[in-house]
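File shown: model.cif (mmCIF, C-alpha atoms and all ligand atoms).
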```cif
data_target
#
loop_
_atom_site.group_PDB
_atom_site.id
_atom_site.type_symbol
_atom_site.label_atom_id
_atom_site.label_comp_id
_atom_site.auth_asym_id
_atom_site.auth_seq_id
_atom_site.Cartn_x
_atom_site.Cartn_y
_atom_site.Cartn_z
ATOM 1 C CA MET Y 1 9.463 2.928 -26.084
ATOM 2 C CA LEU Y 2 7.227 4.665 -23.556
ATOM 3 C CA SER Y 3 9.033 6.986 -21.160
ATOM 4 C CA ILE Y 4 7.482 9.234 -18.549
ATOM 5 C CA GLU Y 5 9.365 11.871 -16.613
ATOM 6 C CA THR Y 6 8.529 13.162 -13.148
ATOM 7 C CA ASP Y 7 10.502 15.714 -11.123
ATOM 8 C CA ARG Y 8 13.165 13.230 -10.007
ATOM 9 C CA LEU Y 9 12.416 10.015 -11.904
ATOM 10 C CA ILE Y 10 12.137 8.412 -15.323
ATOM 11 C CA LEU Y 11 9.580 5.637 -15.763
ATOM 12 C CA ARG Y 12 10.031 3.230 -18.678
ATOM 13 C CA GLU Y 13 9.387 -0.380 -19.601
ATOM 14 C CA LEU Y 14 11.777 -2.912 -18.052
ATOM 15 C CA THR Y 15 14.219 -4.839 -20.227
ATOM 16 C CA LEU Y 16 16.501 -7.795 -19.552
ATOM 17 C CA ALA Y 17 19.324 -5.255 -19.071
ATOM 18 C CA ASP Y 18 17.683 -4.413 -15.706
ATOM 19 C CA ILE Y 19 18.399 -7.893 -14.362
ATOM 20 C CA ASP Y 20 21.079 -6.926 -11.799
ATOM 21 C CA GLY Y 21 18.855 -4.302 -10.197
ATOM 22 C CA MET Y 22 15.880 -6.665 -10.239
ATOM 23 C CA PHE Y 23 17.951 -9.314 -8.495
ATOM 24 C CA GLU Y 24 19.214 -6.866 -5.859
ATOM 25 C CA LEU Y 25 15.567 -5.935 -5.259
ATOM 26 C CA ASP Y 26 14.071 -9.401 -4.855
ATOM 27 C CA ALA Y 27 17.040 -10.947 -3.047
ATOM 28 C CA ASP Y 28 16.507 -8.568 -0.088
ATOM 29 C CA HIS Y 29 14.518 -10.174 2.743
ATOM 30 C CA GLU Y 30 13.333 -6.730 3.926
ATOM 31 C CA VAL Y 31 11.902 -5.946 0.494
ATOM 32 C CA VAL Y 32 9.900 -9.188 0.281
ATOM 33 C CA LYS Y 33 8.911 -9.255 3.977
ATOM 34 C CA TYR Y 34 5.179 -8.641 3.379
ATOM 35 C CA LEU Y 35 4.933 -10.046 -0.128
ATOM 36 C CA GLY Y 36 4.460 -13.734 0.642
ATOM 37 C CA GLN Y 37 7.587 -14.715 -1.317
ATOM 38 C CA LYS Y 38 11.069 -15.896 -0.332
ATOM 39 C CA PRO Y 39 14.094 -13.753 -1.264
ATOM 40 C CA PHE Y 40 15.436 -14.694 -4.710
ATOM 41 C CA THR Y 41 18.623 -16.727 -4.783
ATOM 42 C CA SER Y 42 19.367 -16.728 -8.524
ATOM 43 C CA LYS Y 43 19.235 -14.280 -11.400
ATOM 44 C CA GLU Y 44 17.195 -16.781 -13.403
ATOM 45 C CA GLN Y 45 14.288 -15.950 -11.106
ATOM 46 C CA SER Y 46 14.683 -12.267 -11.983
ATOM 47 C CA ALA Y 47 14.866 -13.101 -15.691
ATOM 48 C CA ALA Y 48 11.543 -14.957 -15.362
ATOM 49 C CA VAL Y 49 9.942 -11.884 -13.756
ATOM 50 C CA ILE Y 50 11.243 -9.591 -16.508
ATOM 51 C CA ASN Y 51 10.058 -11.979 -19.225
ATOM 52 C CA SER Y 52 6.613 -12.031 -17.658
ATOM 53 C CA LEU Y 53 6.608 -8.216 -17.725
ATOM 54 C CA LEU Y 54 7.665 -8.152 -21.385
ATOM 55 C CA GLN Y 55 4.730 -10.462 -22.132
ATOM 56 C CA GLN Y 56 2.356 -8.145 -20.228
ATOM 57 C CA TYR Y 57 3.585 -5.081 -22.169
ATOM 58 C CA ALA Y 58 2.932 -6.967 -25.434
ATOM 59 C CA GLU Y 59 -0.455 -8.433 -24.460
ATOM 60 C CA ASN Y 60 -1.952 -5.708 -22.253
ATOM 61 C CA ASN Y 61 -0.092 -2.552 -23.346
ATOM 62 C CA ILE Y 62 0.770 -2.035 -19.683
ATOM 63 C CA GLY Y 63 2.807 -3.576 -16.852
ATOM 64 C CA ARG Y 64 4.918 -2.325 -13.953
ATOM 65 C CA TRP Y 65 7.564 0.159 -15.104
ATOM 66 C CA ALA Y 66 11.251 0.461 -14.266
ATOM 67 C CA VAL Y 67 12.003 3.477 -12.064
ATOM 68 C CA ILE Y 68 15.236 5.347 -12.799
ATOM 69 C CA GLU Y 69 16.580 8.021 -10.474
ATOM 70 C CA LYS Y 70 17.449 10.974 -12.717
ATOM 71 C CA ALA Y 71 20.227 12.302 -10.477
ATOM 72 C CA SER Y 72 22.222 9.042 -10.572
ATOM 73 C CA ASN Y 73 20.730 7.352 -13.665
ATOM 74 C CA GLU Y 74 20.361 4.253 -11.461
ATOM 75 C CA PHE Y 75 17.613 1.614 -11.660
ATOM 76 C CA ILE Y 76 15.896 1.858 -8.282
ATOM 77 C CA GLY Y 77 13.019 -0.611 -8.642
ATOM 78 C CA TRP Y 78 9.605 -0.794 -10.273
ATOM 79 C CA SER Y 79 6.296 0.982 -9.935
ATOM 80 C CA GLY Y 80 3.045 1.307 -11.793
ATOM 81 C CA LEU Y 81 0.024 -0.522 -13.076
ATOM 82 C CA LYS Y 82 -0.683 -4.182 -13.718
ATOM 83 C CA LEU Y 83 -3.780 -5.492 -15.475
ATOM 84 C CA ILE Y 84 -5.129 -8.185 -13.141
ATOM 85 C CA THR Y 85 -6.834 -10.951 -15.123
ATOM 86 C CA GLU Y 86 -7.474 -13.490 -12.341
ATOM 87 C CA PRO Y 87 -10.045 -12.656 -9.625
ATOM 88 C CA VAL Y 88 -8.688 -10.931 -6.489
ATOM 89 C CA ASN Y 89 -11.154 -10.057 -3.730
ATOM 90 C CA GLY Y 90 -14.007 -10.539 -6.198
ATOM 91 C CA GLN Y 91 -12.560 -8.169 -8.839
ATOM 92 C CA VAL Y 92 -11.193 -9.163 -12.232
ATOM 93 C CA ASN Y 93 -9.833 -7.287 -15.268
ATOM 94 C CA TYR Y 94 -8.817 -4.206 -13.349
ATOM 95 C CA TYR Y 95 -5.673 -2.102 -12.914
ATOM 96 C CA ASP Y 96 -3.686 -2.583 -9.704
ATOM 97 C CA VAL Y 97 -1.145 0.026 -8.607
ATOM 98 C CA GLY Y 98 2.020 -1.306 -6.980
ATOM 99 C CA TYR Y 99 5.686 -0.508 -6.308
ATOM 100 C CA ARG Y 100 8.849 -2.177 -5.074
ATOM 101 C CA LEU Y 101 12.077 -0.268 -4.525
ATOM 102 C CA ILE Y 102 15.651 -1.230 -3.650
ATOM 103 C CA ARG Y 103 16.029 -0.558 0.077
ATOM 104 C CA ARG Y 104 18.656 2.187 -0.138
ATOM 105 C CA PHE Y 105 16.138 4.276 -2.107
ATOM 106 C CA TRP Y 106 13.345 4.068 0.462
ATOM 107 C CA GLY Y 107 12.202 7.117 2.413
ATOM 108 C CA LYS Y 108 12.686 9.672 -0.380
ATOM 109 C CA GLY Y 109 9.107 9.823 -1.620
ATOM 110 C CA TYR Y 110 9.977 7.885 -4.801
ATOM 111 C CA ALA Y 111 7.182 5.287 -4.470
ATOM 112 C CA THR Y 112 4.598 8.039 -4.177
ATOM 113 C CA GLU Y 113 6.098 10.161 -6.974
ATOM 114 C CA SER Y 114 6.278 7.249 -9.429
ATOM 115 C CA ALA Y 115 2.885 5.715 -8.622
ATOM 116 C CA LYS Y 116 1.193 9.105 -8.881
ATOM 117 C CA ALA Y 117 2.360 9.367 -12.501
ATOM 118 C CA ALA Y 118 1.196 5.799 -13.156
ATOM 119 C CA ILE Y 119 -2.283 6.506 -11.783
ATOM 120 C CA GLN Y 120 -2.505 9.610 -13.961
ATOM 121 C CA TYR Y 121 -1.541 7.473 -16.960
ATOM 122 C CA GLY Y 122 -4.209 4.913 -15.991
ATOM 123 C CA PHE Y 123 -6.971 7.490 -15.891
ATOM 124 C CA ASP Y 124 -5.859 9.655 -18.844
ATOM 125 C CA THR Y 125 -4.362 7.185 -21.313
ATOM 126 C CA LEU Y 126 -5.799 3.778 -20.375
ATOM 127 C CA LYS Y 127 -9.185 5.386 -19.628
ATOM 128 C CA ALA Y 128 -9.619 3.435 -16.400
ATOM 129 C CA ASP Y 129 -12.547 4.493 -14.219
ATOM 130 C CA THR Y 130 -11.149 2.906 -11.063
ATOM 131 C CA ILE Y 131 -7.699 1.769 -9.921
ATOM 132 C CA TYR Y 132 -7.211 -0.637 -7.030
ATOM 133 C CA GLY Y 133 -4.326 -1.295 -4.654
ATOM 134 C CA MET Y 134 -3.634 -3.592 -1.748
ATOM 135 C CA CYS Y 135 -1.078 -4.318 0.935
ATOM 136 C CA HIS Y 136 -0.478 -6.718 3.804
ATOM 137 C CA VAL Y 137 -2.147 -5.316 6.947
ATOM 138 C CA ASN Y 138 1.269 -4.856 8.627
ATOM 139 C CA ASN Y 139 2.917 -3.168 5.622
ATOM 140 C CA ALA Y 140 2.596 0.325 7.094
ATOM 141 C CA GLY Y 141 4.946 1.952 4.563
ATOM 142 C CA SER Y 142 2.934 0.702 1.589
ATOM 143 C CA GLU Y 143 -0.357 1.611 3.255
ATOM 144 C CA LYS Y 144 0.942 5.138 3.757
ATOM 145 C CA VAL Y 145 1.886 5.399 0.084
ATOM 146 C CA LEU Y 146 -1.583 4.219 -1.026
ATOM 147 C CA GLU Y 147 -3.159 6.844 1.240
ATOM 148 C CA LYS Y 148 -0.828 9.591 -0.018
ATOM 149 C CA LEU Y 149 -1.861 8.641 -3.564
ATOM 150 C CA GLY Y 150 -5.482 9.267 -2.627
ATOM 151 C CA LEU Y 151 -6.677 5.663 -2.504
ATOM 152 C CA LYS Y 152 -9.205 4.786 0.201
ATOM 153 C CA CYS Y 153 -9.183 1.591 2.251
ATOM 154 C CA MET Y 154 -12.473 -0.230 1.643
ATOM 155 C CA GLU Y 155 -12.029 -3.459 3.620
ATOM 156 C CA THR Y 156 -9.657 -6.210 4.635
ATOM 157 C CA PHE Y 157 -9.586 -9.572 2.865
ATOM 158 C CA GLU Y 158 -7.439 -12.698 2.666
ATOM 159 C CA LEU Y 159 -4.914 -13.148 -0.112
ATOM 160 C CA ARG Y 160 -3.224 -16.560 -0.194
ATOM 161 C CA GLY Y 161 -4.066 -16.968 3.510
ATOM 162 C CA LEU Y 162 -2.624 -13.579 4.544
ATOM 163 C CA PRO Y 163 -4.698 -10.568 5.733
ATOM 164 C CA HIS Y 164 -4.597 -7.636 3.296
ATOM 165 C CA LYS Y 165 -6.141 -4.185 3.029
ATOM 166 C CA TRP Y 166 -8.045 -3.377 -0.173
ATOM 167 C CA PHE Y 167 -7.877 0.157 -1.578
ATOM 168 C CA ARG Y 168 -9.496 1.978 -4.501
ATOM 169 C CA ILE Y 169 -9.522 5.347 -6.220
ATOM 170 C CA ASP Y 170 -12.096 6.475 -8.787
ATOM 171 C CA LYS Y 171 -11.323 8.804 -11.673
ATOM 172 C CA SER Y 172 -14.193 11.037 -10.610
HETATM 173 C C1 LIG P 201 6.636 0.401 0.227
HETATM 174 C C2 LIG P 201 7.801 1.132 -0.448
HETATM 175 C C3 LIG P 201 7.664 1.008 -1.949
HETATM 176 C C4 LIG P 201 7.768 2.585 -0.038
HETATM 177 O O1 LIG P 201 8.731 3.296 -0.805
HETATM 178 P P1 LIG P 201 9.189 4.780 -0.429
HETATM 179 O O2 LIG P 201 9.763 5.396 -1.638
HETATM 180 O O3 LIG P 201 10.018 4.740 0.797
HETATM 181 O O4 LIG P 201 7.780 5.464 -0.105
HETATM 182 P P2 LIG P 201 7.516 7.034 0.069
HETATM 183 O O5 LIG P 201 8.771 7.685 0.548
HETATM 184 O O6 LIG P 201 6.860 7.557 -1.169
HETATM 185 O O7 LIG P 201 6.410 7.050 1.226
HETATM 186 C C5 LIG P 201 6.510 6.187 2.339
HETATM 187 C C6 LIG P 201 5.691 6.747 3.473
HETATM 188 O O8 LIG P 201 5.468 5.739 4.439
HETATM 189 C C7 LIG P 201 6.054 6.100 5.661
HETATM 190 N N1 LIG P 201 6.564 4.866 6.239
HETATM 191 C C8 LIG P 201 7.556 4.102 5.782
HETATM 192 N N2 LIG P 201 7.705 3.025 6.601
HETATM 193 C C9 LIG P 201 6.761 3.144 7.550
HETATM 194 C C10 LIG P 201 6.414 2.344 8.680
HETATM 195 N N3 LIG P 201 7.056 1.198 8.958
HETATM 196 N N4 LIG P 201 5.387 2.765 9.454
HETATM 197 C C11 LIG P 201 4.716 3.899 9.164
HETATM 198 N N5 LIG P 201 4.995 4.687 8.108
HETATM 199 C C12 LIG P 201 6.029 4.312 7.317
HETATM 200 C C13 LIG P 201 7.101 7.120 5.314
HETATM 201 O O9 LIG P 201 7.393 7.945 6.425
HETATM 202 C C14 LIG P 201 6.410 7.864 4.183
HETATM 203 O O10 LIG P 201 5.409 8.744 4.662
HETATM 204 P P3 LIG P 201 5.679 10.348 4.752
HETATM 205 O O11 LIG P 201 5.903 10.820 3.350
HETATM 206 O O12 LIG P 201 4.422 10.873 5.349
HETATM 207 O O13 LIG P 201 6.882 10.509 5.626
HETATM 208 C C15 LIG P 201 9.165 0.513 -0.062
HETATM 209 O O14 LIG P 201 9.262 0.509 1.331
HETATM 210 C C16 LIG P 201 9.323 -0.907 -0.579
HETATM 211 O O15 LIG P 201 9.783 -1.124 -1.695
HETATM 212 N N6 LIG P 201 8.953 -1.909 0.258
HETATM 213 C C17 LIG P 201 9.088 -3.311 -0.104
HETATM 214 C C18 LIG P 201 8.126 -3.745 -1.190
HETATM 215 C C19 LIG P 201 6.676 -3.516 -0.793
HETATM 216 O O16 LIG P 201 6.274 -3.790 0.333
HETATM 217 N N7 LIG P 201 5.885 -3.038 -1.764
HETATM 218 C C20 LIG P 201 4.485 -2.796 -1.555
HETATM 219 C C21 LIG P 201 3.706 -4.057 -1.638
HETATM 220 S S1 LIG P 201 1.985 -3.811 -1.229
#
```

In structure tokens, what does this structure look like?
Amino acid sequence: MLSIETDRLILRELTLADIDGMFELDADHEVVKYLGQKPFTSKEQSAAVINSLLQQYAENNIGRWAVIEKASNEFIGWSGLKLITEPVNGQVNYYDVGYRLIRRFWGKGYATESAKAAIQYGFDTLKADTIYGMCHVNNAGSEKVLEKLGLKCMETFELRGLPHKWFRIDKS
């Protein structure tokens, strides 16, 4: 199984063994505040998310990765690339960079550190020419991460009725 190491993190594919951490993540109203979803109330919802990821790994050879903090060996959330196969802001069949961390692990630079490795993987291994990202216009923390990763805001657009910023980074 794929495993990528950064200074402080291990990135690997999720498995159903990550279900408790995934539930802690998506049950937190602060985590889902800008994501247009309600906090999860049952672990079956988390199992459905993990199963969808397992399908993406099998079909697309890529999907968001589990993030493990090396110092504690704890699952702290997910980060990485998703192949988008339905049109978003006029784009289709592209790699989107995203991240979602359990709240007690925010503010340590982990989203940036993990997504940086994922973008590198996208350009070097998946041979992407461009990687896109987006966030709700009020999601200042996520916007900051996208900027720190080197993505540039191109425009704002509506996603499911909510205003979002659209970012991109080119390999060149
Ligand atoms: C967005 C998220 C992944 C950031 O994780 P993180 O590990 O704390 O991010 P980093 O530490 O790498 O960087 C965050 C940066 O944003 C800044 N930041 C955080 N909240 C901010 C806010 N409300 N306003 C302005 N800047 C903010 C931090 O200071 C930091 O910048 P710095 O390095 O210059 O100090 C995390 O908050 C999260 O999981 N949020 C919920 C899910 C989510 O919104 N995902 C993104 C969907 S588009």

(request) Please check which protein, DNA or RNA residues sit within 10 Å of ligand LIG 201 (chain P), counting only C-alpha atoms and all ligand atoms, and write them as a PyMOL selection string. (result) chain Y and resi 25-26+28-36+76-79+97-116+133-149+164-165

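In this model, the gap between atom CA of Thr156 of chain Y and atom CA of Pro87 of chain Y comes to 15.7 Å.
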
(request) Determine, counting all atoms listed in the file, every residue of protein, DNA or RNA that lies within 10 Å of (10.1, 10.9, -14.6) in the file coordinates, then give the result as an MDAnalysis selection string. (result) chainID Y and resid 3:12 67:70 113:114 117

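In this comparison, which uses all atoms listed in the file, the residue of Y:Met22, Y:Ile169, Y:Cys153, Y:Ala128 approaching Phe75 of chain Y most closely is Y:Met22.
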
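Evaluating the PyMOL selection byres (((chain Y and resi 129) around 7) and not hetatm) against the shown model yields Phe123, Lys127, Ala128, Thr130, Asp170 and Lys171 of chain Y.
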
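Between atom CA of Asn61 of chain Y and atom CA of Val49 of chain Y the separation is 16.7 Å.
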
(message) Between Y:Lys152, Y:Arg64, Y:Arg160, Y:Lys38, which residue has the minimum interatomic distance to Ile131 of chain Y, considering all atoms listed in the file?
(response) Y:Lys152

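Between atom CA of Ile50 of chain Y and atom CA of Leu14 of chain Y the interatomic distance comes to 6.9 Å.
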
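Closest approach to Gln55 of chain Y from the set Y:Glu155, Y:Trp166, Y:Tyr94, Y:Lys82 is made by Y:Lys82, with distances taken over all atoms listed in the file.
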